[in-house]
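Pasted below: entry-v4.txt, compact mmCIF, C-alpha atoms.
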# COMPACT_ATOMS: atom_id res chain seq x y z
CA MET A 1 -200.09 -51.66 85.03
CA PHE A 2 -198.84 -48.17 85.56
CA LEU A 3 -195.38 -46.88 86.14
CA LYS A 4 -194.98 -46.08 89.81
CA LEU A 5 -193.47 -42.80 90.86
CA ASP A 6 -190.84 -44.50 92.99
CA THR A 7 -189.81 -46.71 90.11
CA LEU A 8 -189.53 -43.74 87.81
CA LYS A 9 -187.42 -41.86 90.33
CA LYS A 10 -185.08 -44.82 90.61
CA MET A 11 -184.86 -45.05 86.85
CA ILE A 12 -184.05 -41.38 86.47
CA HIS A 13 -181.44 -41.60 89.18
CA GLY A 14 -179.94 -44.67 87.48
CA ILE A 15 -179.93 -42.93 84.12
CA GLY A 16 -178.41 -39.77 85.51
CA SER A 17 -175.63 -41.51 87.38
CA THR A 18 -174.56 -43.68 84.44
CA ARG A 19 -170.78 -43.65 84.15
CA PRO A 20 -168.50 -44.87 81.40
CA ASP A 21 -166.29 -47.00 83.63
CA GLU A 22 -168.96 -49.24 85.20
CA ILE A 23 -167.93 -52.85 85.61
CA GLY A 24 -170.18 -55.77 84.66
CA CYS A 25 -171.51 -58.63 86.74
CA ASP A 26 -168.60 -60.94 85.92
CA GLU A 27 -165.98 -58.48 87.06
CA CYS A 28 -167.99 -57.71 90.18
CA PHE A 29 -168.29 -61.39 91.01
CA GLU A 30 -164.55 -61.89 90.59
CA GLN A 31 -163.86 -59.27 93.23
CA LEU A 32 -166.80 -59.95 95.53
CA ASP A 33 -164.96 -62.26 97.95
CA ARG A 34 -162.28 -59.68 98.61
CA PHE A 35 -164.88 -56.93 98.90
CA ALA A 36 -166.89 -58.96 101.43
CA GLU A 37 -163.82 -59.63 103.56
CA LEU A 38 -163.03 -55.92 103.68
CA VAL A 39 -166.58 -55.20 104.81
CA LEU A 40 -166.44 -57.88 107.49
CA ALA A 41 -163.09 -56.54 108.68
CA GLY A 42 -164.77 -53.16 109.17
CA LYS A 43 -162.67 -51.53 106.47
CA SER A 44 -163.98 -49.14 103.90
CA ALA A 45 -164.59 -51.51 101.03
CA ALA A 46 -166.39 -48.86 99.02
CA GLU A 47 -163.33 -46.61 99.11
CA ALA A 48 -160.93 -49.41 98.34
CA MET A 49 -163.05 -50.86 95.53
CA PRO A 50 -165.37 -48.09 94.31
CA LEU A 51 -166.34 -49.79 91.06
CA VAL A 52 -167.56 -52.86 92.91
CA GLN A 53 -169.61 -50.65 95.23
CA ASP A 54 -171.01 -48.79 92.23
CA HIS A 55 -172.02 -52.05 90.57
CA LEU A 56 -173.65 -53.33 93.75
CA ASP A 57 -175.64 -50.10 93.97
CA ARG A 58 -177.00 -50.64 90.47
CA CYS A 59 -177.39 -54.40 90.06
CA GLY A 60 -180.03 -56.15 92.12
CA ASP A 61 -178.75 -59.65 91.32
CA CYS A 62 -175.21 -58.90 92.47
CA ARG A 63 -176.42 -56.98 95.50
CA GLU A 64 -178.61 -59.90 96.55
CA GLU A 65 -175.66 -62.25 96.23
CA PHE A 66 -173.39 -59.92 98.15
CA GLU A 67 -175.84 -59.61 101.03
CA ALA A 68 -176.36 -63.36 101.15
CA LEU A 69 -172.59 -63.88 101.10
CA LEU A 70 -172.13 -61.56 104.08
CA ARG A 71 -174.75 -63.48 106.05
CA ALA A 72 -173.20 -66.81 105.11
CA LEU A 73 -169.74 -65.67 106.14
CA ARG A 74 -171.04 -64.30 109.43
CA ALA A 75 -172.72 -67.63 110.14
CA ASN A 76 -169.37 -69.35 109.76
CA SER A 77 -167.28 -66.84 111.64
CA THR A 78 -169.11 -67.41 114.90
CA GLY A 79 -169.33 -70.74 116.65
CA ALA A 80 -168.13 -74.20 115.96
CA PRO A 81 -166.45 -75.96 112.98
CA MET B 82 -161.33 -78.19 114.51
CA HIS B 83 -158.10 -77.27 112.80
CA GLU B 84 -158.67 -74.28 110.54
CA ARG B 85 -157.03 -74.93 107.20
CA THR B 86 -155.17 -72.19 105.40
CA SER B 87 -156.14 -71.50 101.81
CA ASP B 88 -153.12 -73.46 100.60
CA GLU B 89 -154.10 -76.41 102.75
CA TRP B 90 -157.61 -76.36 101.32
CA LEU B 91 -156.25 -76.29 97.78
CA THR B 92 -153.85 -79.13 98.44
CA ALA B 93 -156.58 -81.22 100.05
CA LEU B 94 -159.08 -80.65 97.25
CA ARG B 95 -156.87 -80.93 94.15
CA GLY B 96 -156.67 -84.18 92.25
CA THR B 97 -158.55 -86.77 94.23
CA PRO B 98 -160.13 -84.68 96.97
CA ASP B 99 -159.55 -85.60 100.59
CA ASP B 100 -162.81 -86.91 102.08
CA GLN B 101 -162.50 -85.01 105.32
CA ALA B 102 -161.79 -81.74 103.53
CA LEU B 103 -164.82 -82.27 101.29
CA LEU B 104 -166.99 -82.99 104.30
CA ASP B 105 -165.71 -79.94 106.17
CA LEU B 106 -166.25 -77.70 103.19
CA ARG B 107 -169.74 -79.04 102.62
CA THR B 108 -170.59 -78.43 106.28
CA ARG B 109 -169.45 -74.82 105.98
CA LEU B 110 -171.34 -74.20 102.77
CA VAL B 111 -174.54 -75.68 104.15
CA ARG B 112 -174.30 -73.68 107.37
CA GLY B 113 -173.66 -70.47 105.44
CA LEU B 114 -176.48 -71.03 102.97
CA ARG B 115 -178.91 -72.07 105.69
CA PHE B 116 -178.26 -68.84 107.54
CA ALA B 117 -178.20 -66.65 104.43
CA LEU B 118 -181.31 -68.02 102.75
CA ALA B 119 -183.34 -69.41 105.64
CA ASP B 120 -186.63 -67.83 104.63
CA ARG B 121 -186.45 -68.85 100.98
CA LEU B 122 -185.82 -72.57 101.10
CA GLY B 123 -189.38 -73.86 101.07
CA ALA B 124 -190.95 -76.83 102.81
CA ASP B 125 -187.91 -79.11 102.96
CA PRO B 126 -184.98 -76.79 103.52
CA GLU B 127 -182.42 -79.43 104.46
CA ALA B 128 -182.94 -81.37 101.21
CA VAL B 129 -182.69 -78.16 99.21
CA LEU B 130 -179.51 -77.19 101.07
CA GLU B 131 -177.93 -80.57 100.37
CA ASP B 132 -178.68 -80.17 96.67
CA PHE B 133 -177.20 -76.68 96.61
CA ALA B 134 -174.13 -77.82 98.52
CA GLN B 135 -173.56 -80.74 96.17
CA GLU B 136 -173.84 -78.61 93.05
CA SER B 137 -171.62 -75.97 94.64
CA LEU B 138 -168.93 -78.47 95.60
CA LEU B 139 -168.74 -79.77 92.05
CA LYS B 140 -168.46 -76.25 90.71
CA ILE B 141 -165.81 -75.32 93.28
CA LEU B 142 -163.72 -78.39 92.45
CA ARG B 143 -163.95 -77.59 88.75
CA SER B 144 -162.95 -73.98 89.37
CA LEU B 145 -160.01 -74.42 91.77
CA ASP B 146 -157.56 -73.01 89.22
CA SER B 147 -159.45 -69.73 89.09
CA PHE B 148 -158.96 -69.07 92.82
CA ARG B 149 -156.56 -66.14 92.89
CA GLY B 150 -155.89 -65.97 96.57
CA GLU B 151 -157.37 -62.50 97.01
CA SER B 152 -159.53 -63.72 99.86
CA GLN B 153 -159.62 -66.75 102.12
CA PHE B 154 -160.36 -69.90 100.17
CA THR B 155 -163.52 -70.46 102.20
CA THR B 156 -164.81 -66.97 101.36
CA TRP B 157 -164.28 -67.64 97.68
CA ALA B 158 -165.98 -71.04 97.96
CA GLN B 159 -168.93 -69.58 99.82
CA LYS B 160 -169.26 -66.94 97.12
CA ILE B 161 -169.66 -69.67 94.52
CA ALA B 162 -172.21 -71.50 96.67
CA VAL B 163 -174.27 -68.35 97.13
CA ARG B 164 -174.31 -67.79 93.38
CA VAL B 165 -175.35 -71.39 92.72
CA ALA B 166 -178.15 -71.26 95.29
CA LEU B 167 -179.56 -67.89 94.29
CA THR B 168 -179.44 -68.73 90.61
CA GLU B 169 -181.58 -71.78 91.29
CA LEU B 170 -183.95 -69.97 93.67
CA ARG B 171 -184.49 -67.22 91.12
CA ARG B 172 -185.14 -69.75 88.40
CA ARG B 173 -187.80 -71.44 90.51
CA ARG B 174 -189.39 -68.19 91.61
CA TRP B 175 -189.79 -66.88 88.04
CA GLN B 176 -190.22 -70.08 86.09
CA ASP B 177 -193.82 -69.43 85.16
CA VAL B 178 -193.30 -65.84 84.05
CA SER B 179 -192.53 -64.93 80.47
CA LEU B 180 -191.28 -61.54 79.31
CA GLU B 181 -194.49 -61.12 77.37
CA ASP B 182 -196.47 -61.47 80.60
CA LEU B 183 -194.53 -58.53 81.95
CA GLN B 184 -195.23 -56.04 79.20
CA PRO B 185 -196.82 -53.18 81.08
CA PRO B 186 -199.41 -51.67 78.75
CA GLY B 187 -199.33 -48.42 80.69
CA MET B 188 -195.78 -47.83 79.56
CA GLU B 189 -196.71 -47.84 75.94
CA THR B 190 -199.98 -46.10 75.34
CA GLU B 191 -201.94 -45.19 78.38
CA PRO B 192 -201.68 -42.09 80.49
CA ILE B 193 -199.90 -42.38 83.79
CA GLU B 194 -201.70 -42.13 87.06
CA LEU B 195 -199.82 -40.70 89.96
CA PRO B 196 -200.13 -42.98 92.95
CA ASP B 197 -199.16 -40.36 95.49
CA PRO B 198 -201.01 -37.10 95.87
CA ALA B 199 -198.64 -34.33 94.88
CA PRO B 200 -199.01 -31.33 97.11
CA LEU B 201 -199.84 -28.78 94.44
CA PRO B 202 -201.66 -29.03 91.13
CA GLU B 203 -198.74 -27.43 89.24
CA GLN B 204 -196.45 -30.13 90.54
CA GLN B 205 -198.93 -32.77 89.46
CA VAL B 206 -198.86 -31.36 85.98
CA ALA B 207 -195.06 -31.08 85.95
CA ARG B 208 -194.69 -34.65 87.08
CA SER B 209 -197.14 -36.03 84.57
CA THR B 210 -195.40 -34.15 81.81
CA LEU B 211 -192.02 -35.48 82.84
CA MET B 212 -193.27 -39.03 83.17
CA ILE B 213 -194.72 -38.89 79.70
CA MET B 214 -191.49 -37.46 78.38
CA VAL B 215 -189.40 -40.23 79.94
CA GLN B 216 -191.72 -42.81 78.45
CA ARG B 217 -191.46 -41.19 75.05
CA LEU B 218 -187.68 -41.23 75.28
CA MET B 219 -187.79 -44.92 76.13
CA ARG B 220 -189.92 -45.52 73.06
CA GLU B 221 -187.82 -43.42 70.73
CA GLU B 222 -184.26 -43.89 71.95
CA LEU B 223 -184.14 -47.56 72.84
CA THR B 224 -184.09 -50.69 70.74
CA ASP B 225 -186.93 -53.14 71.36
CA ARG B 226 -184.50 -55.38 73.19
CA GLN B 227 -183.21 -52.59 75.41
CA ARG B 228 -186.71 -51.44 76.22
CA GLN B 229 -187.90 -54.95 76.94
CA ALA B 230 -184.94 -55.61 79.24
CA MET B 231 -185.27 -52.28 81.03
CA GLN B 232 -188.97 -52.79 81.63
CA ALA B 233 -188.47 -56.29 82.97
CA VAL B 234 -185.58 -55.36 85.26
CA MET B 235 -186.31 -51.83 86.41
CA ILE B 236 -190.09 -51.82 86.36
CA ASN B 237 -191.06 -55.42 87.05
CA GLY B 238 -188.10 -56.21 89.27
CA MET B 239 -187.19 -59.37 87.40
CA PRO B 240 -183.64 -60.59 88.10
CA LEU B 241 -181.10 -59.87 85.34
CA GLU B 242 -180.24 -63.53 85.29
CA GLU B 243 -183.82 -64.49 84.42
CA VAL B 244 -184.28 -61.79 81.82
CA ALA B 245 -180.97 -62.79 80.25
CA ARG B 246 -182.01 -66.43 79.98
CA ARG B 247 -185.22 -65.46 78.24
CA LEU B 248 -183.40 -63.19 75.82
CA GLY B 249 -180.85 -65.86 74.98
CA THR B 250 -177.94 -63.98 76.51
CA ASN B 251 -176.08 -63.95 79.81
CA ARG B 252 -176.27 -61.70 82.83
CA ASN B 253 -173.02 -59.86 82.16
CA ALA B 254 -174.04 -59.03 78.58
CA LEU B 255 -177.47 -57.96 79.77
CA TYR B 256 -175.92 -55.57 82.29
CA LYS B 257 -173.94 -53.99 79.46
CA LEU B 258 -177.08 -53.72 77.35
CA LEU B 259 -178.86 -51.94 80.19
CA HIS B 260 -175.85 -49.69 80.67
CA ASP B 261 -176.01 -48.70 76.99
CA ALA B 262 -179.73 -48.09 77.36
CA ARG B 263 -179.14 -45.78 80.34
CA GLN B 264 -176.51 -43.89 78.38
CA ARG B 265 -178.88 -43.37 75.48
CA LEU B 266 -181.63 -42.10 77.73
CA HIS B 267 -179.16 -39.81 79.47
CA LYS B 268 -178.22 -38.27 76.12
CA GLY B 269 -181.87 -38.09 75.16
CA LEU B 270 -182.73 -36.16 78.31
CA ALA B 271 -179.83 -33.80 77.75
CA ALA B 272 -180.99 -33.22 74.17
CA GLN B 273 -184.36 -32.17 75.60
CA GLY B 274 -182.53 -29.67 77.77
CA LEU B 275 -183.39 -31.60 80.91
CA SER B 276 -180.94 -32.31 83.65
CA VAL B 277 -181.35 -35.24 85.95
CA ALA B 278 -181.10 -32.94 88.96
CA GLU B 279 -184.07 -30.96 87.69
CA LEU B 280 -186.07 -34.07 87.07
CA LEU B 281 -185.42 -35.48 90.51
CA ALA B 282 -186.22 -32.12 92.06
CA ALA B 283 -189.57 -32.14 90.28
CA PHE B 284 -190.38 -35.58 91.63
CA ASN B 285 -189.21 -34.83 95.12
CA GLY B 286 -190.98 -31.46 95.30

Output the file's structure as structure tokens, nothing else.
Amino acid sequence: MFLKLDTLKKMIHGIGSTRPDEIGCDECFEQLDRFAELVLAGKSAAEAMPLVQDHLDRCGDCREEFEALLRALRANSTGAP
Amino acid sequence: MHERTSDEWLTALRGTPDDQALLDLRTRLVRGLRFALADRLGADPEAVLEDFAQESLLKILRSLDSFRGESQFTTWAQKIAVRVALTELRRRRWQDVSLEDLQPPGMETEPIELPDPAPLPEQQVARSTLMIMVQRLMREELTDRQRQAMQAVMINGMPLEEVARRLGTNRNALYKLLHDARQRLHKGLAAQGLSVAELLAAFNG
């Protein structure tokens, strides 16, 4: 298996944008419900909670959960009980 | 249906939970998960959803004291259900894969092939050189554990959660380990006199 160019680009970007104040998955998860509500309300969640946005940009697990949460919340905001 | 406030949910679920509140919450969780994960639930989605909802409800009831009121109660509860469901789906998806299976030999010893045709031969050479340099940095700057985790997550696309389980740690600690690894590589690149902007420019050229 060879390293793909796209993968390497992503790695270099990830390495280059490393910052000292990144939050971890636990802290992201703690704030994810509030972040999701801001997004659904059409507010700028990324501006209000930049460290959560930064973590979601970097962490595939948390991003996957965030996207699933948005879909789940949308399913419940339209229609019956 | 009457929409409960967060306080009403908490009151109904604390102590001996109110049956109707439990049923309503379960209905919401199932509907949310069904919509969010429709394409990943396998041959018997309703049974899988019921399992996820049950496990989620138990976790939510155990965690009520950690609800801080920074969102609607139902948003917080759905967040927990999504985590429960995806954790299980990831476990199933990767259960037959070990970290050893993932070791990409090309990372260690073999030359890199460029999958896309670079427009000019000089750029080809520049890219190959840079790729080899990044690989060398990974070999020299990282601990075995950091390198193994980085390869599994960034190159093989394995979820952090799954890598963490195999390394005997947890996802949060693994994220920090990867963060430290990125910092080391960043310093290593700088020590080589390479800026990230230059590197990306070479790859985008």

For Leu180 of chain B: contacts at 8 Å, all atoms listed in the file, fewer than 2 positions along chain excluded, given as a list of chain:residue names | B:Val178, B:Asp182, B:Leu183, B:Gln184, B:Gln229, B:Ala233, B:Val244, B:Arg247

Kindly determine which residues of chain A lie within 6 Å of chain B, considering all atoms listed in the file, and give the answer as a ChimeraX atom specification.
-> /A:1-2,15-16,24-26,33-34,61,68,71-72,75,81

The selected residues should be written to file as a PDB file, in the frame of the given file (atoms: C-alpha atoms).
ATOM      1  CA  MET A   1    -200.090 -51.660  85.030  1.00  0.00           C
ATOM      2  CA  PHE A   2    -198.840 -48.170  85.560  1.00  0.00           C
ATOM      3  CA  ILE A  15    -179.930 -42.930  84.120  1.00  0.00           C
ATOM      4  CA  GLY A  16    -178.410 -39.770  85.510  1.00  0.00           C
ATOM      5  CA  GLY A  24    -170.180 -55.770  84.660  1.00  0.00           C
ATOM      6  CA  CYS A  25    -171.510 -58.630  86.740  1.00  0.00           C
ATOM      7  CA  ASP A  26    -168.600 -60.940  85.920  1.00  0.00           C
ATOM      8  CA  ASP A  33    -164.960 -62.260  97.950  1.00  0.00           C
ATOM      9  CA  ARG A  34    -162.280 -59.680  98.610  1.00  0.00           C
ATOM     10  CA  ASP A  61    -178.750 -59.650  91.320  1.00  0.00           C
ATOM     11  CA  ALA A  68    -176.360 -63.360 101.150  1.00  0.00           C
ATOM     12  CA  ARG A  71    -174.750 -63.480 106.050  1.00  0.00           C
ATOM     13  CA  ALA A  72    -173.200 -66.810 105.110  1.00  0.00           C
ATOM     14  CA  ALA A  75    -172.720 -67.630 110.140  1.00  0.00           C
ATOM     15  CA  PRO A  81    -166.450 -75.960 112.980  1.00  0.00           C
TER      16      PRO A  81
END

Suppose you want the space between atom CA of Met11 of chain A and atom CA of Met219 of chain B; what is it in Å?
->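 Distance reported for this atom pair: 11.1 Å.
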
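Across A:Cys62, A:Lys43, A:Asp54, A:Glu67, the tightest approach to Glu30 of chain A is made by A:Cys62 when counting only C-alpha atoms.
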
Fewer than 2 positions away in the same chain doesn't count, so skip those; otherwise give me all residues within 8 Å of Asp21 of chain A, counting only C-alpha atoms, as a PyMOL selection string.
-> chain A and resi 19+23+51

Go ahead and dump the residues you just picked, C-alpha atoms, as a compact mmCIF listing (two decimals), in the coordinates of the input.
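Writing the result to again-v3.txt gives the following:
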# COMPACT_ATOMS: atom_id res chain seq x y z
CA ARG A 19 -170.78 -43.65 84.15
CA ILE A 23 -167.93 -52.85 85.61
CA LEU A 51 -166.34 -49.79 91.06

What is the atom CA of Ala93 of chain B-atom CA of Ala119 of chain B distance in Å, reported with one decimal?
-> 29.8 Å

So how many Å separate atom CA of Pro126 of chain B and atom CA of Arg63 of chain A, to one decimal?
->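 Atom-to-atom, atom CA of Pro126 of chain B and atom CA of Arg63 of chain A are spaced 23.0 Å apart.
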
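Taking all atoms listed in the file into account, Cys59 of chain A lies nearest to A:Cys28 out of the set A:Leu5, A:Cys28, A:Ile12, A:Leu38.
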